[in-house]
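First up is the structure itself, then whatever we jot down about it.
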Amino acid sequence: MHAGMLVALTRAVPPSIVDCELTHMARTPIDVRIARAQHHQYEQTLRALGCRVEHVPAAPDLPDSVFIEDTAVVFDEVAVITRPGAISRRAEPQAVATALSRYRPLRRIQPPATIDGGDVLVIGRRVFIGLSTRTNEEGVRQFTDALARFGYNVTGLPVDGCLHLKSAVTAAADDLLILDPVSIDPRRFDGLRWIETPPDERHAANVLRIGGTVVCPEDAPVTRRRLEDAGLSVRTTAASELAKAEGGLTCCSVIFRIP
Ligand code: CIR
């Protein structure tokens with residue numbers, strides 16, 4: 001298997017999460033204590049799956065700072081530091097960049113480009129980038145440029161009706177996607193097999209893959225069974241309170257391998 005170890009960067013749930021950005025959901029009260037308990041359970045799951053969890057210093061005044069995935073995308077060769085699409089989130093990447101500078105050379109996305117890590121789906125050497133309300137064409141261009149020396153194939157895909165590309169599709173295995181067919185056309189992903197989420201479990205298209213295990217939200221039993229029927233090892237975790245902030249499972253960590 002792989003040598004080295006996995007590091008998972010996470011960032012605490014701030015009290016200001018009650019003022020988070022919302023795009024497709026109505027605001028409902030978020031219980032910060034429950035959100036923190038679920039975040040703790042999530043970190044325990046990461047540890048159980050072999051990650052060393054490292055905390056980026058908390059940012060109490062940045063409402064969406066727990067959703068650290070949007071601030072950086074880490075490849076073996078380089079970490080791309082994003083420029084989030086929401087103005088309220090522009091200050092988030094700096095502390096993440098500082099944490100990542102110990103592990104990777106950094107490339108920073110510059111204005112006028114915007115890109116959220118939630119729009120970046122990496123499957124082997126293929127990188128799919130959602131063109132969403134957060135990520136623009138210039139973001140895709142700069143991201144492509146940052147990876148140019150390393151032999152990745154980058155493709156931009158329009159995203160409609162959900163926040164990020166990874167709200168609608170994630171990788172469950174090297175050649176297997178889990179996706180919400182309402183939001184994304186599976187034929188966009190040439191050569192890959194896919195599993196569909198049922199209409200009342202659309203949020204479960206966002207799964208977190210760690211090694212040979214897939215972490216799925218606990219309130220998605222049909223999706224869980226479909227993943228297990230495909231031969232995958234599945235763990236579940238509670239994510240309902242962070243889901244009220246339009247966050248999924250991938251968005252609460254940045255995971256990468258170190259020697
Ligand atoms: C936002 O709208 O930016 C946050 N409330 C949710 C971000 C979720 N990020 C993700 O799924 N990658």
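So you can find residues: chains in the structure tokens are A, B, ... in the order shown, residues in each start at 1, and ligands are numbered from 1 in order.
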- Item | Shell of 12 Å around Ala48 of chain A, only C-alpha atoms, local chain residues under 5 positions omitted, as a list in words |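 My list of contacting residues is Leu6, Ala8, Gln41, Tyr42, Glu43, Val53, Ile210, Gly211, Thr213, Val215 and Arg235 of chain A.
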- Message: Need to verify the contact set: Val18 of chain A, 6 Å, only C-alpha atoms, exclusion of same-chain residues closer than 2 positions in sequence. Can you return it as JSON, numbers by chain?
- Response: {"A": [16, 20, 30]}
For the residues in that selection, give me N, CA, C and O atoms as an mmCIF file, in the first residue's frame.
```cif
data_model
loop_
_atom_site.group_PDB
_atom_site.id
_atom_site.type_symbol
_atom_site.label_atom_id
_atom_site.label_comp_id
_atom_site.auth_asym_id
_atom_site.auth_seq_id
_atom_site.Cartn_x
_atom_site.Cartn_y
_atom_site.Cartn_z
ATOM 1 N N SER A 16 -19.585 32.280 15.139
ATOM 2 C CA SER A 16 -20.222 33.088 14.084
ATOM 3 C C SER A 16 -20.826 32.244 12.965
ATOM 4 O O SER A 16 -21.407 32.802 12.022
ATOM 5 N N CYS A 20 -23.361 32.197 8.642
ATOM 6 C CA CYS A 20 -22.674 31.639 7.472
ATOM 7 C C CYS A 20 -23.325 32.059 6.155
ATOM 8 O O CYS A 20 -24.474 32.496 6.133
ATOM 9 N N ILE A 30 -28.756 27.291 13.887
ATOM 10 C CA ILE A 30 -27.694 26.294 14.050
ATOM 11 C C ILE A 30 -27.305 26.267 15.527
ATOM 12 O O ILE A 30 -27.023 27.312 16.111
#
```
- Task: Show me which residues sit within 6 Å of ligand 1 when counting only C-alpha atoms and all ligand atoms, and put them as a count of residues only.
- Result: 13
- Task: Just list the residues in segment 64-120 of chain A DSSP gives helix (DSSP H, G or I) on the backbone, as a list in words.
- Result: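 Taking segment 64-120 of chain A and keeping helix (DSSP H, G or I) gives Ile68, Glu69, Asp70, Thr71, Ile87, Ser88, Arg89, Pro93, Gln94, Ala95, Val96, Ala97, Thr98, Ala99, Leu100, Gly117, Gly118 and Asp119 of chain A.
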Could you write out the selected residues, including C-alpha atoms, as a PDB file, in the first residue's frame?
```pdb
ATOM      1  CA  ILE A  68     -11.561  24.435   5.287  1.00  0.00           C
ATOM      2  CA  GLU A  69     -11.737  22.387   2.086  1.00  0.00           C
ATOM      3  CA  ASP A  70     -12.672  25.517   0.172  1.00  0.00           C
ATOM      4  CA  THR A  71      -9.372  27.235   0.952  1.00  0.00           C
ATOM      5  CA  ILE A  87     -16.258  37.917  -0.235  1.00  0.00           C
ATOM      6  CA  SER A  88     -16.938  37.004   3.414  1.00  0.00           C
ATOM      7  CA  ARG A  89     -14.560  34.051   2.982  1.00  0.00           C
ATOM      8  CA  PRO A  93      -6.981  30.863   3.184  1.00  0.00           C
ATOM      9  CA  GLN A  94      -4.080  32.729   4.812  1.00  0.00           C
ATOM     10  CA  ALA A  95      -3.827  30.596   7.957  1.00  0.00           C
ATOM     11  CA  VAL A  96      -4.312  27.450   5.907  1.00  0.00           C
ATOM     12  CA  ALA A  97      -1.500  28.507   3.582  1.00  0.00           C
ATOM     13  CA  THR A  98       0.757  28.973   6.588  1.00  0.00           C
ATOM     14  CA  ALA A  99      -0.063  25.465   7.824  1.00  0.00           C
ATOM     15  CA  LEU A 100       0.491  23.934   4.378  1.00  0.00           C
ATOM     16  CA  GLY A 117     -11.989  23.862  -3.120  1.00  0.00           C
ATOM     17  CA  GLY A 118     -15.479  22.347  -2.981  1.00  0.00           C
ATOM     18  CA  ASP A 119     -15.585  22.744  -6.751  1.00  0.00           C
TER      19      ASP A 119
END
```
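Reported to one decimal place, the separation of atom CA of Val254 of chain A from atom CA of Gln38 of chain A is 17.2 Å.
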